[in-house]
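Listing of run23.cif, mmCIF, N, CA and C atoms and all ligand atoms
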data_entry
loop_
_atom_site.label_atom_id
_atom_site.label_comp_id
_atom_site.auth_asym_id
_atom_site.auth_seq_id
_atom_site.Cartn_x
_atom_site.Cartn_y
_atom_site.Cartn_z
N MET V 394 -15.45 -23.00 5.29
CA MET V 394 -14.14 -23.45 5.78
C MET V 394 -13.63 -24.61 4.95
N ALA V 395 -12.31 -24.58 4.69
CA ALA V 395 -11.68 -25.70 4.00
C ALA V 395 -11.15 -26.67 5.06
N ASP V 396 -11.44 -27.94 4.90
CA ASP V 396 -10.98 -28.95 5.86
C ASP V 396 -9.47 -28.89 5.99
N GLU V 397 -9.00 -28.99 7.21
CA GLU V 397 -7.56 -29.07 7.49
C GLU V 397 -6.80 -27.79 7.16
N CYS V 398 -7.50 -26.69 6.91
CA CYS V 398 -6.80 -25.43 6.65
C CYS V 398 -6.49 -24.76 8.00
N ILE V 399 -5.20 -24.53 8.28
CA ILE V 399 -4.87 -24.01 9.62
C ILE V 399 -5.41 -22.59 9.84
N PHE V 400 -5.49 -21.79 8.78
CA PHE V 400 -6.01 -20.43 8.98
C PHE V 400 -7.53 -20.46 9.18
N CYS V 401 -8.24 -21.37 8.52
CA CYS V 401 -9.67 -21.53 8.81
C CYS V 401 -9.86 -21.97 10.27
N LYS V 402 -8.95 -22.81 10.75
CA LYS V 402 -9.04 -23.25 12.15
C LYS V 402 -8.76 -22.11 13.12
N ILE V 403 -7.90 -21.18 12.72
CA ILE V 403 -7.68 -19.98 13.55
C ILE V 403 -8.95 -19.13 13.55
N VAL V 404 -9.59 -18.99 12.37
CA VAL V 404 -10.84 -18.21 12.30
C VAL V 404 -11.90 -18.80 13.22
N ASN V 405 -12.04 -20.12 13.22
CA ASN V 405 -13.13 -20.69 14.04
C ASN V 405 -12.71 -21.02 15.47
N GLY V 406 -11.47 -20.67 15.83
CA GLY V 406 -11.04 -20.80 17.21
C GLY V 406 -10.46 -22.15 17.59
N GLU V 407 -10.38 -23.08 16.63
CA GLU V 407 -9.81 -24.41 16.91
C GLU V 407 -8.32 -24.32 17.21
N ILE V 408 -7.64 -23.35 16.58
CA ILE V 408 -6.21 -23.11 16.84
C ILE V 408 -6.11 -21.70 17.41
N PRO V 409 -5.40 -21.55 18.55
CA PRO V 409 -5.31 -20.21 19.15
C PRO V 409 -4.41 -19.28 18.35
N SER V 410 -4.63 -17.99 18.50
CA SER V 410 -3.77 -17.01 17.83
C SER V 410 -3.76 -15.74 18.68
N GLU V 411 -2.74 -14.92 18.45
CA GLU V 411 -2.65 -13.64 19.14
C GLU V 411 -3.22 -12.58 18.22
N LYS V 412 -4.50 -12.32 18.36
CA LYS V 412 -5.21 -11.41 17.44
C LYS V 412 -4.82 -9.96 17.66
N VAL V 413 -4.67 -9.23 16.56
CA VAL V 413 -4.41 -7.79 16.66
C VAL V 413 -5.52 -6.98 15.99
N HIS V 414 -6.37 -7.65 15.20
CA HIS V 414 -7.46 -6.94 14.52
C HIS V 414 -8.52 -7.98 14.13
N GLU V 415 -9.78 -7.58 14.27
CA GLU V 415 -10.87 -8.43 13.78
C GLU V 415 -12.02 -7.53 13.38
N ASP V 416 -12.59 -7.80 12.20
CA ASP V 416 -13.85 -7.15 11.82
C ASP V 416 -14.72 -8.21 11.17
N ASP V 417 -15.78 -7.81 10.51
CA ASP V 417 -16.73 -8.80 9.98
C ASP V 417 -16.08 -9.74 8.96
N HIS V 418 -15.10 -9.25 8.22
CA HIS V 418 -14.57 -10.01 7.09
C HIS V 418 -13.11 -10.41 7.23
N VAL V 419 -12.38 -9.73 8.10
CA VAL V 419 -10.92 -9.85 8.16
C VAL V 419 -10.46 -10.17 9.58
N LEU V 420 -9.44 -11.04 9.66
CA LEU V 420 -8.81 -11.34 10.95
C LEU V 420 -7.31 -11.15 10.78
N ALA V 421 -6.64 -10.62 11.80
CA ALA V 421 -5.18 -10.45 11.75
C ALA V 421 -4.60 -10.89 13.08
N PHE V 422 -3.46 -11.58 12.99
CA PHE V 422 -2.83 -12.13 14.21
C PHE V 422 -1.33 -12.16 14.02
N LYS V 423 -0.60 -12.29 15.11
CA LYS V 423 0.87 -12.31 15.06
C LYS V 423 1.35 -13.60 14.42
N ASP V 424 2.36 -13.46 13.53
CA ASP V 424 2.95 -14.65 12.92
C ASP V 424 3.66 -15.46 14.00
N ILE V 425 3.52 -16.78 13.91
CA ILE V 425 4.10 -17.69 14.91
C ILE V 425 5.62 -17.75 14.80
N ASP V 426 6.16 -17.36 13.65
CA ASP V 426 7.61 -17.41 13.40
C ASP V 426 8.04 -16.05 12.80
N PRO V 427 8.03 -15.01 13.64
CA PRO V 427 8.18 -13.64 13.11
C PRO V 427 9.52 -13.40 12.44
N GLN V 428 9.47 -12.72 11.30
CA GLN V 428 10.67 -12.40 10.52
C GLN V 428 11.06 -10.94 10.68
N ALA V 429 10.38 -10.22 11.54
CA ALA V 429 10.66 -8.81 11.82
C ALA V 429 10.03 -8.51 13.18
N PRO V 430 10.44 -7.39 13.82
CA PRO V 430 9.85 -7.07 15.13
C PRO V 430 8.32 -7.00 15.10
N VAL V 431 7.77 -6.52 13.97
CA VAL V 431 6.32 -6.59 13.77
C VAL V 431 6.08 -7.51 12.57
N HIS V 432 5.36 -8.59 12.77
CA HIS V 432 5.03 -9.51 11.67
C HIS V 432 3.62 -10.03 11.91
N ILE V 433 2.70 -9.46 11.14
CA ILE V 433 1.27 -9.75 11.31
C ILE V 433 0.77 -10.47 10.05
N ILE V 434 -0.07 -11.47 10.27
CA ILE V 434 -0.73 -12.18 9.18
C ILE V 434 -2.17 -11.66 9.09
N ILE V 435 -2.56 -11.21 7.90
CA ILE V 435 -3.90 -10.65 7.68
C ILE V 435 -4.64 -11.58 6.73
N ILE V 436 -5.79 -12.08 7.16
CA ILE V 436 -6.51 -13.08 6.34
C ILE V 436 -7.99 -12.72 6.20
N PRO V 437 -8.60 -13.19 5.09
CA PRO V 437 -10.06 -13.12 5.02
C PRO V 437 -10.64 -14.24 5.90
N LYS V 438 -11.76 -13.97 6.56
CA LYS V 438 -12.38 -15.03 7.36
C LYS V 438 -12.89 -16.15 6.46
N LYS V 439 -13.29 -15.78 5.25
CA LYS V 439 -13.76 -16.78 4.29
C LYS V 439 -12.55 -17.36 3.56
N HIS V 440 -12.56 -18.65 3.34
CA HIS V 440 -11.42 -19.31 2.70
C HIS V 440 -11.32 -18.96 1.21
N HIS V 441 -10.15 -18.40 0.84
CA HIS V 441 -9.74 -18.30 -0.56
C HIS V 441 -8.31 -18.83 -0.59
N GLN V 442 -7.94 -19.54 -1.63
CA GLN V 442 -6.60 -20.14 -1.66
C GLN V 442 -5.51 -19.08 -1.76
N SER V 443 -5.73 -18.09 -2.62
CA SER V 443 -4.73 -17.03 -2.81
C SER V 443 -5.42 -15.87 -3.51
N ILE V 444 -4.65 -14.80 -3.81
CA ILE V 444 -5.26 -13.69 -4.57
C ILE V 444 -5.74 -14.15 -5.95
N MET V 445 -5.18 -15.28 -6.45
CA MET V 445 -5.55 -15.76 -7.78
C MET V 445 -6.95 -16.37 -7.82
N THR V 446 -7.48 -16.74 -6.68
CA THR V 446 -8.78 -17.44 -6.67
C THR V 446 -9.90 -16.57 -6.11
N VAL V 447 -9.62 -15.29 -5.89
CA VAL V 447 -10.69 -14.39 -5.42
C VAL V 447 -11.51 -13.96 -6.63
N PRO V 448 -12.83 -14.21 -6.61
CA PRO V 448 -13.65 -13.85 -7.76
C PRO V 448 -13.64 -12.34 -8.03
N ALA V 449 -13.72 -11.98 -9.31
CA ALA V 449 -13.78 -10.57 -9.69
C ALA V 449 -14.96 -9.90 -8.99
N GLY V 450 -14.75 -8.70 -8.51
CA GLY V 450 -15.82 -7.97 -7.85
C GLY V 450 -15.92 -8.22 -6.36
N GLU V 451 -15.18 -9.19 -5.84
CA GLU V 451 -15.15 -9.47 -4.39
C GLU V 451 -14.45 -8.32 -3.69
N PRO V 452 -15.04 -7.72 -2.66
CA PRO V 452 -14.38 -6.59 -2.00
C PRO V 452 -13.31 -6.98 -0.98
N ILE V 453 -13.03 -8.28 -0.84
CA ILE V 453 -12.17 -8.71 0.27
C ILE V 453 -10.75 -8.14 0.20
N ILE V 454 -10.20 -8.00 -1.01
CA ILE V 454 -8.82 -7.50 -1.10
C ILE V 454 -8.76 -6.06 -0.56
N ALA V 455 -9.73 -5.24 -0.95
CA ALA V 455 -9.78 -3.87 -0.44
C ALA V 455 -9.98 -3.86 1.07
N GLN V 456 -10.80 -4.77 1.57
CA GLN V 456 -11.05 -4.84 3.02
C GLN V 456 -9.77 -5.24 3.76
N MET V 457 -9.00 -6.16 3.16
CA MET V 457 -7.73 -6.57 3.78
C MET V 457 -6.72 -5.41 3.77
N LEU V 458 -6.69 -4.65 2.66
CA LEU V 458 -5.76 -3.51 2.58
C LEU V 458 -6.13 -2.44 3.60
N GLU V 459 -7.42 -2.20 3.75
CA GLU V 459 -7.86 -1.22 4.73
C GLU V 459 -7.47 -1.67 6.14
N ALA V 460 -7.62 -2.96 6.42
CA ALA V 460 -7.21 -3.50 7.72
C ALA V 460 -5.70 -3.34 7.90
N ALA V 461 -4.92 -3.58 6.83
CA ALA V 461 -3.46 -3.46 6.92
C ALA V 461 -3.07 -2.04 7.33
N ASN V 462 -3.71 -1.04 6.73
CA ASN V 462 -3.42 0.36 7.08
C ASN V 462 -3.71 0.63 8.55
N ARG V 463 -4.86 0.16 9.00
CA ARG V 463 -5.24 0.37 10.40
C ARG V 463 -4.25 -0.31 11.35
N ILE V 464 -3.86 -1.54 10.99
CA ILE V 464 -2.94 -2.30 11.86
C ILE V 464 -1.56 -1.63 11.89
N ALA V 465 -1.11 -1.13 10.72
CA ALA V 465 0.19 -0.43 10.68
C ALA V 465 0.17 0.76 11.63
N LEU V 466 -0.93 1.49 11.63
CA LEU V 466 -1.06 2.63 12.55
C LEU V 466 -1.04 2.14 14.01
N LYS V 467 -1.83 1.11 14.26
CA LYS V 467 -1.97 0.58 15.62
C LYS V 467 -0.64 0.02 16.15
N MET V 468 0.16 -0.60 15.27
CA MET V 468 1.42 -1.22 15.69
C MET V 468 2.57 -0.21 15.68
N GLY V 469 2.30 1.05 15.28
CA GLY V 469 3.31 2.10 15.33
C GLY V 469 4.35 2.05 14.24
N ILE V 470 4.02 1.44 13.09
CA ILE V 470 5.00 1.34 11.99
C ILE V 470 4.56 2.14 10.76
N ALA V 471 3.50 2.90 10.89
CA ALA V 471 2.98 3.64 9.72
C ALA V 471 3.97 4.71 9.28
N ASP V 472 4.61 5.39 10.23
CA ASP V 472 5.52 6.48 9.87
C ASP V 472 6.88 5.95 9.41
N SER V 473 7.41 4.96 10.10
CA SER V 473 8.74 4.44 9.74
C SER V 473 8.67 3.62 8.46
N GLY V 474 7.53 3.02 8.17
CA GLY V 474 7.34 2.24 6.95
C GLY V 474 7.24 0.76 7.23
N PHE V 475 6.79 0.04 6.24
CA PHE V 475 6.56 -1.40 6.42
C PHE V 475 6.50 -2.06 5.05
N ARG V 476 6.42 -3.36 5.05
CA ARG V 476 6.25 -4.12 3.82
C ARG V 476 4.98 -4.96 3.93
N LEU V 477 4.23 -5.01 2.83
CA LEU V 477 3.01 -5.81 2.75
C LEU V 477 3.20 -6.79 1.60
N VAL V 478 3.16 -8.09 1.91
CA VAL V 478 3.52 -9.12 0.93
C VAL V 478 2.45 -10.20 0.90
N THR V 479 2.16 -10.70 -0.29
CA THR V 479 1.36 -11.92 -0.37
C THR V 479 2.08 -12.92 -1.27
N ASN V 480 2.38 -14.07 -0.74
CA ASN V 480 3.06 -15.13 -1.48
C ASN V 480 2.01 -15.99 -2.18
N VAL V 481 2.26 -16.33 -3.44
CA VAL V 481 1.31 -17.13 -4.21
C VAL V 481 2.02 -18.36 -4.78
N GLY V 482 1.53 -19.52 -4.38
CA GLY V 482 2.01 -20.77 -4.98
C GLY V 482 3.43 -21.13 -4.59
N GLU V 483 3.91 -22.17 -5.26
CA GLU V 483 5.19 -22.78 -4.88
C GLU V 483 6.35 -21.82 -5.06
N ASP V 484 6.49 -21.23 -6.24
CA ASP V 484 7.62 -20.32 -6.47
C ASP V 484 7.48 -19.04 -5.63
N GLY V 485 6.26 -18.67 -5.31
CA GLY V 485 6.05 -17.49 -4.45
C GLY V 485 6.38 -17.76 -2.99
N GLY V 486 6.54 -19.03 -2.64
CA GLY V 486 6.88 -19.38 -1.26
C GLY V 486 5.68 -19.49 -0.35
N GLN V 487 4.50 -19.71 -0.94
CA GLN V 487 3.28 -19.84 -0.12
C GLN V 487 3.25 -21.22 0.54
N THR V 488 3.21 -21.24 1.87
CA THR V 488 3.16 -22.52 2.59
C THR V 488 1.78 -22.81 3.17
N VAL V 489 0.97 -21.77 3.36
CA VAL V 489 -0.40 -21.96 3.86
C VAL V 489 -1.36 -21.55 2.75
N PRO V 490 -2.13 -22.51 2.20
CA PRO V 490 -2.98 -22.20 1.05
C PRO V 490 -4.32 -21.54 1.42
N HIS V 491 -4.23 -20.49 2.23
CA HIS V 491 -5.37 -19.63 2.57
C HIS V 491 -4.84 -18.21 2.40
N LEU V 492 -5.44 -17.46 1.50
CA LEU V 492 -4.99 -16.10 1.19
C LEU V 492 -4.56 -15.33 2.44
N HIS V 493 -3.39 -14.72 2.39
CA HIS V 493 -2.94 -13.89 3.51
C HIS V 493 -1.94 -12.85 3.05
N PHE V 494 -1.94 -11.72 3.75
CA PHE V 494 -0.90 -10.70 3.60
C PHE V 494 0.02 -10.81 4.81
N HIS V 495 1.32 -10.66 4.55
CA HIS V 495 2.28 -10.48 5.64
C HIS V 495 2.49 -8.98 5.80
N LEU V 496 2.31 -8.46 6.99
CA LEU V 496 2.65 -7.06 7.29
C LEU V 496 3.90 -7.10 8.16
N LEU V 497 5.00 -6.57 7.58
CA LEU V 497 6.31 -6.66 8.24
C LEU V 497 6.84 -5.26 8.50
N GLY V 498 7.35 -5.03 9.70
CA GLY V 498 7.91 -3.72 10.01
C GLY V 498 8.72 -3.77 11.29
N GLY V 499 9.20 -2.58 11.66
CA GLY V 499 10.01 -2.48 12.87
C GLY V 499 11.49 -2.63 12.61
N ARG V 500 11.87 -2.85 11.36
CA ARG V 500 13.28 -2.85 10.94
C ARG V 500 13.32 -2.49 9.46
N ALA V 501 14.52 -2.13 8.98
CA ALA V 501 14.66 -1.82 7.56
C ALA V 501 14.63 -3.12 6.76
N MET V 502 13.82 -3.15 5.71
CA MET V 502 13.70 -4.34 4.87
C MET V 502 14.77 -4.33 3.78
N GLN V 503 15.12 -5.51 3.34
CA GLN V 503 16.08 -5.65 2.24
C GLN V 503 15.34 -5.75 0.91
N TRP V 504 16.02 -5.34 -0.16
CA TRP V 504 15.48 -5.51 -1.50
C TRP V 504 16.63 -5.83 -2.43
N PRO V 505 16.58 -6.81 -3.32
CA PRO V 505 15.43 -7.67 -3.55
C PRO V 505 15.27 -8.72 -2.45
N PRO V 506 14.04 -9.22 -2.30
CA PRO V 506 13.80 -10.28 -1.32
C PRO V 506 14.45 -11.57 -1.80
N GLY V 507 14.65 -12.51 -0.91
CA GLY V 507 15.32 -13.77 -1.25
C GLY V 507 14.46 -14.68 -2.07
P1 LIG V 601 3.40 -18.24 3.65
O1 LIG V 601 4.70 -18.99 3.74
O2 LIG V 601 3.46 -16.98 2.86
O3 LIG V 601 2.27 -19.14 3.23
O4 LIG V 601 3.12 -17.75 5.13
C1 LIG V 601 2.53 -18.54 6.11
C2 LIG V 601 2.87 -17.89 7.43
O5 LIG V 601 2.00 -18.39 8.42
C3 LIG V 601 4.31 -18.16 7.91
O6 LIG V 601 4.99 -16.94 8.11
C4 LIG V 601 4.09 -18.93 9.21
O7 LIG V 601 5.05 -18.62 10.20
C5 LIG V 601 2.70 -18.49 9.62
N1 LIG V 601 1.97 -19.42 10.45
C6 LIG V 601 1.81 -20.75 10.25
N2 LIG V 601 1.06 -21.29 11.23
C7 LIG V 601 0.73 -20.27 12.06
C8 LIG V 601 -0.04 -20.18 13.26
N3 LIG V 601 -0.63 -21.26 13.82
N4 LIG V 601 -0.15 -18.98 13.87
C9 LIG V 601 0.44 -17.89 13.32
N5 LIG V 601 1.16 -17.90 12.18
C10 LIG V 601 1.31 -19.08 11.57
ZN ZN V 602 -8.72 -21.63 5.00
#
Rewrite the structure of this file - the entire thing - as structure tokens.
Amino acid sequence: MADECIFCKIVNGEIPSEKVHEDDHVLAFKDIDPQAPVHIIIIPKKHHQSIMTVPAGEPIIAQMLEAANRIALKMGIADSGFRLVTNVGEDGGQTVPHLHFHLLGGRAMQWPPG
């Protein structure tokens, strides 16, 4: 765990969350400030700052993608479609420095993003 990381605190239960999926490596919960009818945050339980800091050969990205597919099915957005996004760094708009995917659905998304 990284000190003062809010997503690590969600993993260890210090900060409550509305969980929608949990397995040995991945946790997913509802975003506190949803930008779509379905807005889920998918994180590795182990702290990584972003996709840029995951060591080569680590299976966590595949595990997170597999969880995203399952959650999309569970939340009923697999057929209508969804967006899966990971923001990296300042220009990417990353505000929480713990790797996460945003799973967004339940409405038509715009392109290009802002
Ligand atoms: P990003 O800006 O890509 O780093 O995304 C961080 C996301 O985490 C934002 O969409 C926030 O609304 C969300 N968030 C921050 N704190 C919490 C929390 N305690 N519980 C759920 N989602 C959170
Ligand atoms: Zn963390």
Protein, DNA and RNA residues within 5 Å of (3.6, -11.0, 13.5), all atoms listed in the file, as number ranges by chain: V: 423-424, 431-434
Pick from V:Gln456, V:Thr488, V:Asn480, V:Gln442 nearest to ligand ZN 602 (chain V), counting only N, CA and C atoms and all ligand atoms: V:Gln442
DSSP-assigned alpha helix (DSSP H) among region 429-494 of chain V, expressed as a count of residues only: 19
Where does DSSP see strand (DSSP E) in chain V, if you list the residues as an NGL selection string? :V and (412-415 or 419-423 or 431-437 or 475-478 or 494-498)
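Straight-line separation from atom C9 of ligand LIG 601 (chain V) to CA of Pro427 (chain V): 8.8 Å.
Atom pair CA of Ala461 (chain V) / CA of Ser473 (chain V) has a distance of 14.8 Å (rounded to one decimal).
If you look at atom N of Ile444 (chain V) and CA of Gln487 (chain V), they are 10.1 Å away from each other.
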Residues within 6 Å of ligand ZN 602 (chain V), counting only C-alpha atoms and all ligand atoms: report them as a PDB file with N, CA and C atoms, in the coordinates of the input.
ATOM      1  N   MET V 394     -15.450 -23.000   5.290  1.00  0.00           N
ATOM      2  CA  MET V 394     -14.140 -23.450   5.780  1.00  0.00           C
ATOM      3  C   MET V 394     -13.630 -24.610   4.950  1.00  0.00           C
ATOM      4  N   ALA V 395     -12.310 -24.580   4.690  1.00  0.00           N
ATOM      5  CA  ALA V 395     -11.680 -25.700   4.000  1.00  0.00           C
ATOM      6  C   ALA V 395     -11.150 -26.670   5.060  1.00  0.00           C
ATOM      7  N   CYS V 398      -7.500 -26.690   6.910  1.00  0.00           N
ATOM      8  CA  CYS V 398      -6.800 -25.430   6.650  1.00  0.00           C
ATOM      9  C   CYS V 398      -6.490 -24.760   8.000  1.00  0.00           C
ATOM     10  N   PHE V 400      -5.490 -21.790   8.780  1.00  0.00           N
ATOM     11  CA  PHE V 400      -6.010 -20.430   8.980  1.00  0.00           C
ATOM     12  C   PHE V 400      -7.530 -20.460   9.180  1.00  0.00           C
ATOM     13  N   CYS V 401      -8.240 -21.370   8.520  1.00  0.00           N
ATOM     14  CA  CYS V 401      -9.670 -21.530   8.810  1.00  0.00           C
ATOM     15  C   CYS V 401      -9.860 -21.970  10.270  1.00  0.00           C
ATOM     16  N   HIS V 440     -12.560 -18.650   3.340  1.00  0.00           N
ATOM     17  CA  HIS V 440     -11.420 -19.310   2.700  1.00  0.00           C
ATOM     18  C   HIS V 440     -11.320 -18.960   1.210  1.00  0.00           C
ATOM     19  N   HIS V 491      -4.230 -20.490   2.230  1.00  0.00           N
ATOM     20  CA  HIS V 491      -5.370 -19.630   2.570  1.00  0.00           C
ATOM     21  C   HIS V 491      -4.840 -18.210   2.400  1.00  0.00           C
TER      22      HIS V 491
END
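Of the residues under consideration (V:Leu497, V:Ile454, V:Val489, V:Ile399), V:Val489 shows the shortest atom-to-atom contact distance to ligand LIG 601 (chain V) when counting all atoms listed in the file.
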Which of these residues is nearest to Gly498 (chain V), using only C-alpha atoms: V:Ser410, V:Ile403, V:Gly486, V:Gly469? V:Gly469
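Each of V:Lys439, V:Val419, V:Glu483, V:Glu407 was checked against Ala460 (chain V) using all atoms listed in the file; the smallest atom-to-atom distance is that of V:Val419.
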